[in-house]
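S.K.: Next up, run.csv (CSV, C-alpha atoms).
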chain,number,residue,atom,x,y,z
V,1,MET,CA,-3.3,-43.1,21.1
V,2,ALA,CA,-4.5,-45.2,18.3
V,3,ASP,CA,-6.2,-48.6,18.1
V,4,ILE,CA,-6.5,-51.5,15.7
V,5,LEU,CA,-10.0,-52.9,15.6
V,6,HIS,CA,-11.3,-56.0,13.9
V,7,ARG,CA,-14.5,-58.2,13.8
V,8,VAL,CA,-14.8,-61.7,12.6
V,9,GLY,CA,-17.8,-64.1,12.8
V,10,ILE,CA,-16.9,-67.7,13.2
V,11,ARG,CA,-19.5,-70.3,12.4
V,12,SER,CA,-19.5,-72.1,15.7
V,13,GLN,CA,-21.9,-72.8,18.6
V,14,SER,CA,-18.9,-73.2,21.0
V,15,LEU,CA,-17.4,-70.0,22.5
V,16,GLN,CA,-15.2,-72.5,24.4
V,17,ASP,CA,-13.5,-73.7,21.2
V,18,ILE,CA,-12.5,-70.1,20.4
V,19,TYR,CA,-11.5,-69.3,24.0
V,20,ASP,CA,-9.3,-72.4,23.9
V,21,ALA,CA,-7.6,-71.3,20.7
V,22,LEU,CA,-6.8,-68.0,22.5
V,23,THR,CA,-5.5,-69.5,25.7
V,24,THR,CA,-3.7,-72.7,25.0
V,25,GLU,CA,-0.2,-73.2,23.4
V,26,ALA,CA,-1.6,-75.6,20.8
V,27,GLY,CA,-4.5,-73.3,20.0
V,28,LEU,CA,-2.4,-70.2,19.6
V,29,ALA,CA,0.1,-72.1,17.5
V,30,GLY,CA,-2.8,-73.2,15.2
V,31,TRP,CA,-3.6,-69.7,13.9
V,32,TRP,CA,-1.0,-67.1,14.9
V,33,THR,CA,2.5,-68.5,15.0
V,34,SER,CA,3.6,-72.2,15.0
V,35,ASN,CA,6.4,-71.0,17.3
V,36,THR,CA,4.3,-70.3,20.4
V,37,GLN,CA,5.5,-71.1,23.9
V,38,GLY,CA,3.4,-70.8,27.0
V,39,GLN,CA,-0.1,-71.2,28.2
V,40,GLY,CA,-2.5,-68.3,28.3
V,41,ASN,CA,-5.0,-69.8,30.7
V,42,GLN,CA,-3.8,-68.1,33.9
V,43,VAL,CA,-3.6,-64.3,34.5
V,44,GLY,CA,0.0,-63.3,34.9
V,45,ASN,CA,1.4,-66.0,32.6
V,46,ILE,CA,3.8,-65.0,29.8
V,47,ILE,CA,3.3,-66.3,26.3
V,48,ALA,CA,6.2,-66.1,23.9
V,49,PHE,CA,5.2,-65.7,20.2
V,50,ARG,CA,8.1,-66.0,17.7
V,51,PHE,CA,8.1,-65.3,14.0
V,52,GLY,CA,10.9,-65.3,11.4
V,53,ALA,CA,11.4,-61.6,11.9
V,54,GLY,CA,11.2,-61.4,15.7
V,55,GLY,CA,8.5,-61.8,18.2
V,56,PHE,CA,6.4,-60.7,21.1
V,57,ASP,CA,6.0,-61.6,24.8
V,58,MET,CA,2.5,-61.2,26.1
V,59,LYS,CA,1.4,-61.1,29.7
V,60,VAL,CA,-2.1,-62.4,30.3
V,61,THR,CA,-3.9,-59.5,32.1
V,62,ALA,CA,-7.5,-60.7,32.2
V,63,LEU,CA,-9.6,-63.8,31.5
V,64,GLU,CA,-13.3,-64.3,31.6
V,65,GLU,CA,-13.9,-67.8,30.3
V,66,PRO,CA,-15.1,-68.1,27.6
V,67,ALA,CA,-15.9,-64.5,26.6
V,68,HIS,CA,-12.8,-62.4,27.2
V,69,VAL,CA,-9.0,-62.5,26.9
V,70,SER,CA,-6.6,-59.7,27.3
V,71,TRP,CA,-2.8,-59.4,27.1
V,72,GLU,CA,-0.2,-56.7,27.6
V,73,VAL,CA,2.8,-56.7,25.4
V,74,VAL,CA,5.8,-56.9,27.7
V,75,ASP,CA,8.6,-57.5,25.1
V,76,GLY,CA,8.9,-57.1,21.4
V,77,PRO,CA,9.3,-54.2,18.9
V,78,ALA,CA,9.4,-50.8,20.7
V,79,GLU,CA,6.1,-49.8,19.0
V,80,TRP,CA,4.3,-52.7,20.6
V,81,VAL,CA,5.7,-52.6,24.1
V,82,GLY,CA,3.0,-51.3,26.5
V,83,THR,CA,0.2,-51.8,24.0
V,84,SER,CA,-2.6,-54.1,24.9
V,85,ILE,CA,-4.6,-56.7,23.0
V,86,SER,CA,-8.1,-58.0,23.8
V,87,PHE,CA,-10.5,-60.5,22.4
V,88,ASP,CA,-14.2,-60.4,23.2
V,89,ILE,CA,-16.4,-63.3,22.1
V,90,ARG,CA,-20.2,-63.7,22.1
V,91,GLN,CA,-22.7,-65.9,20.4
V,92,GLU,CA,-25.0,-64.4,17.8
V,93,ASN,CA,-27.2,-67.0,16.2
V,94,ASP,CA,-25.0,-69.2,14.0
V,95,TYR,CA,-21.9,-67.2,14.7
V,96,ALA,CA,-19.4,-66.6,17.5
V,97,ILE,CA,-18.6,-63.0,17.0
V,98,LEU,CA,-15.1,-62.0,17.9
V,99,LEU,CA,-14.2,-58.3,18.5
V,100,PHE,CA,-10.5,-57.7,18.5
V,101,LYS,CA,-8.6,-54.6,19.8
V,102,HIS,CA,-4.9,-53.8,19.7
V,103,ALA,CA,-5.0,-50.6,21.8
V,104,ASN,CA,-2.8,-47.7,22.8
V,105,TRP,CA,-0.3,-47.4,19.9
V,106,ARG,CA,1.5,-44.2,20.7
V,107,GLU,CA,1.6,-43.1,17.1
V,108,PRO,CA,-0.2,-44.3,13.9
V,109,VAL,CA,3.2,-45.3,12.4
V,110,GLU,CA,3.6,-47.2,9.1
V,111,PHE,CA,4.2,-50.4,11.1
V,112,MET,CA,0.8,-50.0,12.7
V,113,HIS,CA,-0.8,-49.9,9.2
V,114,HIS,CA,1.1,-53.2,8.5
V,115,CYS,CA,0.0,-54.8,11.7
V,116,SER,CA,-3.6,-53.8,11.2
V,117,THR,CA,-3.7,-55.7,7.9
V,118,LYS,CA,-1.8,-58.6,9.3
V,119,TRP,CA,-4.1,-59.0,12.3
V,120,ALA,CA,-7.0,-59.3,9.8
V,121,VAL,CA,-5.2,-62.1,8.1
V,122,PHE,CA,-4.4,-63.9,11.3
V,123,LEU,CA,-8.0,-63.5,12.7
V,124,LEU,CA,-9.2,-65.1,9.4
V,125,SER,CA,-6.7,-67.9,10.1
V,126,LEU,CA,-8.4,-68.3,13.5
V,127,LYS,CA,-11.7,-68.5,11.8
V,128,SER,CA,-10.4,-71.2,9.4
V,129,LEU,CA,-8.9,-73.1,12.3
V,130,ILE,CA,-12.3,-73.3,14.1
V,131,GLU,CA,-14.5,-73.8,11.0
V,132,GLU,CA,-12.3,-76.1,9.0
V,133,GLY,CA,-9.8,-77.5,11.5
V,134,GLU,CA,-6.8,-75.8,10.0
V,135,GLY,CA,-5.5,-72.3,10.2
V,136,LYS,CA,-2.6,-70.5,8.5
V,137,PRO,CA,-0.2,-69.6,11.3
V,138,ASP,CA,3.3,-68.2,10.6
V,139,PRO,CA,5.2,-69.4,8.6
V,140,ARG,CA,2.3,-70.6,6.4
V,141,ASP,CA,0.5,-67.2,6.8
V,142,ILE,CA,-0.6,-65.1,3.9
V,143,LYS,CA,2.1,-62.5,3.1
V,144,ILE,CA,0.7,-59.0,2.6
V,145,ASP,CA,3.8,-56.9,1.8
V,146,ASN,CA,7.6,-56.7,1.9
V,147,TRP,CA,7.5,-56.8,5.7
V,148,ASN,CA,5.7,-60.1,5.4
I,1,MET,CA,-12.1,-39.6,16.0
I,2,ALA,CA,-10.8,-43.0,15.0
I,3,ASP,CA,-9.1,-44.2,11.9
I,4,ILE,CA,-8.8,-47.5,10.0
I,5,LEU,CA,-5.2,-48.1,8.7
I,6,HIS,CA,-3.8,-50.7,6.4
I,7,ARG,CA,-0.6,-51.4,4.5
I,8,VAL,CA,-0.2,-53.8,1.6
I,9,GLY,CA,2.8,-54.4,-0.7
I,10,ILE,CA,2.0,-55.2,-4.3
I,11,ARG,CA,4.6,-56.9,-6.5
I,12,SER,CA,4.6,-54.4,-9.3
I,13,GLN,CA,6.9,-51.9,-10.9
I,14,SER,CA,4.0,-49.8,-12.0
I,15,LEU,CA,2.4,-47.3,-9.6
I,16,GLN,CA,0.2,-46.3,-12.6
I,17,ASP,CA,-1.5,-49.8,-12.7
I,18,ILE,CA,-2.5,-49.3,-9.1
I,19,TYR,CA,-3.6,-45.7,-9.6
I,20,ASP,CA,-5.8,-46.9,-12.5
I,21,ALA,CA,-7.3,-49.6,-10.3
I,22,LEU,CA,-8.3,-46.8,-7.8
I,23,THR,CA,-9.5,-44.2,-10.4
I,24,THR,CA,-11.3,-46.1,-13.2
I,25,GLU,CA,-14.7,-47.8,-13.1
I,26,ALA,CA,-13.3,-51.0,-14.5
I,27,GLY,CA,-10.4,-51.0,-12.0
I,28,LEU,CA,-12.5,-50.3,-8.9
I,29,ALA,CA,-15.0,-53.0,-10.1
I,30,GLY,CA,-12.1,-55.4,-10.3
I,31,TRP,CA,-11.3,-55.4,-6.6
I,32,TRP,CA,-14.0,-53.7,-4.4
I,33,THR,CA,-17.4,-54.1,-5.9
I,34,SER,CA,-18.5,-55.4,-9.3
I,35,ASN,CA,-21.4,-52.8,-9.1
I,36,THR,CA,-19.3,-49.6,-9.4
I,37,GLN,CA,-20.5,-46.7,-11.4
I,38,GLY,CA,-18.5,-43.6,-12.1
I,39,GLN,CA,-15.0,-42.6,-12.9
I,40,GLY,CA,-12.6,-41.5,-10.2
I,41,ASN,CA,-10.1,-39.7,-12.4
I,42,GLN,CA,-11.4,-36.1,-11.8
I,43,VAL,CA,-11.6,-34.2,-8.6
I,44,GLY,CA,-15.3,-33.6,-7.8
I,45,ASN,CA,-16.5,-36.7,-9.5
I,46,ILE,CA,-18.9,-39.0,-7.6
I,47,ILE,CA,-18.4,-42.7,-7.7
I,48,ALA,CA,-21.3,-45.0,-6.7
I,49,PHE,CA,-20.3,-48.3,-5.1
I,50,ARG,CA,-23.1,-50.7,-4.5
I,51,PHE,CA,-23.1,-54.0,-2.5
I,52,GLY,CA,-25.9,-56.5,-1.7
I,53,ALA,CA,-26.4,-54.8,1.6
I,54,GLY,CA,-26.3,-51.2,0.4
I,55,GLY,CA,-23.5,-48.9,-0.7
I,56,PHE,CA,-21.5,-45.7,-0.6
I,57,ASP,CA,-21.2,-42.6,-2.8
I,58,MET,CA,-17.7,-41.2,-2.8
I,59,LYS,CA,-16.7,-37.7,-3.9
I,60,VAL,CA,-13.1,-37.6,-5.3
I,61,THR,CA,-11.4,-34.9,-3.2
I,62,ALA,CA,-7.7,-35.1,-4.3
I,63,LEU,CA,-5.6,-36.8,-6.9
I,64,GLU,CA,-1.9,-36.9,-7.4
I,65,GLU,CA,-1.2,-39.2,-10.3
I,66,PRO,CA,0.0,-41.9,-9.7
I,67,ALA,CA,0.7,-41.5,-5.9
I,68,HIS,CA,-2.4,-40.4,-4.1
I,69,VAL,CA,-6.2,-40.7,-4.2
I,70,SER,CA,-8.6,-39.4,-1.7
I,71,TRP,CA,-12.4,-39.5,-1.4
I,72,GLU,CA,-15.0,-38.2,1.0
I,73,VAL,CA,-18.1,-40.3,1.7
I,74,VAL,CA,-21.1,-38.2,0.7
I,75,ASP,CA,-23.8,-40.9,1.0
I,76,GLY,CA,-24.1,-44.3,2.7
I,77,PRO,CA,-24.5,-45.6,6.2
I,78,ALA,CA,-24.7,-42.8,8.8
I,79,GLU,CA,-21.4,-44.0,10.4
I,80,TRP,CA,-19.6,-43.5,7.0
I,81,VAL,CA,-21.0,-40.1,5.9
I,82,GLY,CA,-18.4,-37.4,6.4
I,83,THR,CA,-15.5,-39.9,6.8
I,84,SER,CA,-12.6,-39.8,4.3
I,85,ILE,CA,-10.6,-42.4,2.6
I,86,SER,CA,-7.1,-42.1,1.2
I,87,PHE,CA,-4.6,-44.2,-0.7
I,88,ASP,CA,-0.9,-43.4,-0.9
I,89,ILE,CA,1.3,-45.4,-3.2
I,90,ARG,CA,5.1,-45.4,-3.5
I,91,GLN,CA,7.7,-47.7,-5.0
I,92,GLU,CA,10.0,-49.7,-2.6
I,93,ASN,CA,12.2,-52.1,-4.5
I,94,ASP,CA,10.1,-54.9,-6.0
I,95,TYR,CA,6.9,-53.6,-4.3
I,96,ALA,CA,4.4,-50.8,-4.7
I,97,ILE,CA,3.6,-50.0,-1.1
I,98,LEU,CA,0.0,-48.9,-0.5
I,99,LEU,CA,-0.9,-47.1,2.7
I,100,PHE,CA,-4.7,-46.9,3.3
I,101,LYS,CA,-6.6,-44.7,5.7
I,102,HIS,CA,-10.3,-44.5,6.4
I,103,ALA,CA,-10.3,-41.5,8.7
I,104,ASN,CA,-12.5,-39.6,11.1
I,105,TRP,CA,-15.0,-42.2,12.3
I,106,ARG,CA,-16.9,-40.4,15.1
I,107,GLU,CA,-16.9,-43.4,17.3
I,108,PRO,CA,-15.1,-46.8,17.3
I,109,VAL,CA,-18.4,-48.7,16.9
I,110,GLU,CA,-18.8,-52.4,16.2
I,111,PHE,CA,-19.4,-51.6,12.5
I,112,MET,CA,-16.0,-49.9,12.4
I,113,HIS,CA,-14.4,-53.2,13.6
I,114,HIS,CA,-16.2,-55.0,10.8
I,115,CYS,CA,-15.2,-52.5,8.2
I,116,SER,CA,-11.5,-52.6,9.3
I,117,THR,CA,-11.3,-56.3,8.7
I,118,LYS,CA,-13.3,-56.0,5.5
I,119,TRP,CA,-11.0,-53.3,4.1
I,120,ALA,CA,-8.0,-55.7,4.7
I,121,VAL,CA,-9.8,-58.3,2.6
I,122,PHE,CA,-10.5,-55.9,-0.2
I,123,LEU,CA,-7.0,-54.5,-0.3
I,124,LEU,CA,-5.7,-58.0,-0.6
I,125,SER,CA,-8.2,-58.4,-3.5
I,126,LEU,CA,-6.6,-55.3,-5.1
I,127,LYS,CA,-3.2,-56.9,-4.6
I,128,SER,CA,-4.4,-60.1,-6.3
I,129,LEU,CA,-5.9,-58.0,-9.2
I,130,ILE,CA,-2.6,-56.4,-9.9
I,131,GLU,CA,-0.3,-59.4,-9.3
I,132,GLU,CA,-2.5,-62.1,-10.8
I,133,GLY,CA,-5.0,-60.3,-13.0
I,134,GLU,CA,-8.0,-61.2,-10.9
I,135,GLY,CA,-9.4,-59.7,-7.7
I,136,LYS,CA,-12.3,-60.8,-5.5
I,137,PRO,CA,-14.7,-57.9,-5.6
I,138,ASP,CA,-18.2,-58.2,-4.1
I,139,PRO,CA,-20.1,-60.5,-4.5
I,140,ARG,CA,-17.1,-62.9,-4.9
I,141,ASP,CA,-15.4,-61.3,-1.8
I,142,ILE,CA,-14.3,-63.3,1.2
I,143,LYS,CA,-17.0,-63.3,3.8
I,144,ILE,CA,-15.7,-62.5,7.3
I,145,ASP,CA,-18.8,-62.5,9.5
I,146,ASN,CA,-22.6,-62.4,9.7
I,147,TRP,CA,-22.5,-58.9,8.3
I,148,ASN,CA,-20.7,-60.3,5.3
Can the structure from this file be put into structure tokens for me?

M.R.:
Amino acid sequence: MADILHRVGIRSQSLQDIYDALTTEAGLAGWWTSNTQGQGNQVGNIIAFRFGAGGFDMKVTALEEPAHVSWEVVDGPAEWVGTSISFDIRQENDYAILLFKHANWREPVEFMHHCSTKWAVFLLSLKSLIEEGEGKPDPRDIKIDNWN
Amino acid sequence: MADILHRVGIRSQSLQDIYDALTTEAGLAGWWTSNTQGQGNQVGNIIAFRFGAGGFDMKVTALEEPAHVSWEVVDGPAEWVGTSISFDIRQENDYAILLFKHANWREPVEFMHHCSTKWAVFLLSLKSLIEEGEGKPDPRDIKIDNWN
């Protein structure tokens, strides 16, 4: 099993703002993909994220407002199904520190390399959304390679 | 053991340009850190990378021009020493595809999360250097959190 890990620090005194960006349709559409359908504020909910090249359905598996969110991938590319994604947020002086984990990839395939870089780009989009009021969700996201 | 993986696609027909950016002092200074000392074009060479907050000494452990570069971390933060870093480059239509691996972290510590995100930022700096002629090496790098 292999995991993608990331850490970003967001200049914010409000963990709630970040939690909202991870649990509401408008928030998620503001940094990950504009085509987001569903609310992530109840355990058991399904959120549908769609991109030009396909998409993912996530089941909300745990919530601890405002410090923790986790999802299980219930539909999408074969490599993603059954993996899990978590966000842990805490305050550290001027920053809300976000630890991200996309866990339990069965193999460290080339697509995992791509997704690791792409998650960094989207987490920096989340940082921009909170700090500047505007993220870069798909389709306005930064393109990193020929897979987008 | 845990690994950081990334994939970027660089719009270039020249693998050599990318290999040079990974093996020459000027190239490395153009995307990772302006304070780079040493040439990476001979196995056994040591390259010293310095940042505001410290730095790393890398020993070149393998070279296959223009497709592969690997280093071992011989000095730096305790979490880095003994880990290894590799770059694999191949042509795929309009793109030079770069697969990156920072392997053999003993534990998935919080610093590893930070370094994973930061490597993405620096690899996109390498992409900019090749595609646009200018990267964003330290100290002009994109800051991701309170650790920089």

S.K.: Can you pull out every residue within 7 Å of Ser116 in chain V, counting all atoms listed in the file, but drop anything in the same chain fewer than 3 positions away, and send it as a list in words?

M.R.: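 The filter keeps Ile4, Met112, His113, Trp119 and Ala120 of chain V; Leu5 and His6 of chain I.
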
S.K.: Of the candidates V:Ile142, V:Val73, V:Ala103, V:Leu22, which one gets nearest to Gly44 in chain V if we count all atoms listed in the file?

M.R.: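 Ranked by minimum distance to Gly44 in chain V, first place goes to V:Val73.
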
S.K.: So the first atom is CA of Asp57 in chain I and the second is CA of Val74 in chain I; what is the distance between them in Å, to one decimal place?

M.R.: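 That distance, rounded to one decimal, is 5.6 Å.
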
S.K.: Write out as number ranges by chain which residues come within 10 Å of range 16-20 of chain V when counting only C-alpha atoms, dropping same-chain ones fewer than 2 positions away.

M.R.: V: 10, 12-14, 22-28, 40-41, 63-69, 87-89, 96-98, 126-127, 129-130

S.K.: Out of V:Gly133, V:Gly52, V:Pro139, V:Pro108, which residue has the shortest atom-to-atom distance to chain I when counting all atoms listed in the file?

M.R.: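 Closest to chain I of all the choices is V:Pro108.
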
S.K.: Just the number, please: distance in Å from CA of His114 in chain V to CA of Asp145 in chain V, one decimal.

M.R.: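 It comes out at 8.1 Å.
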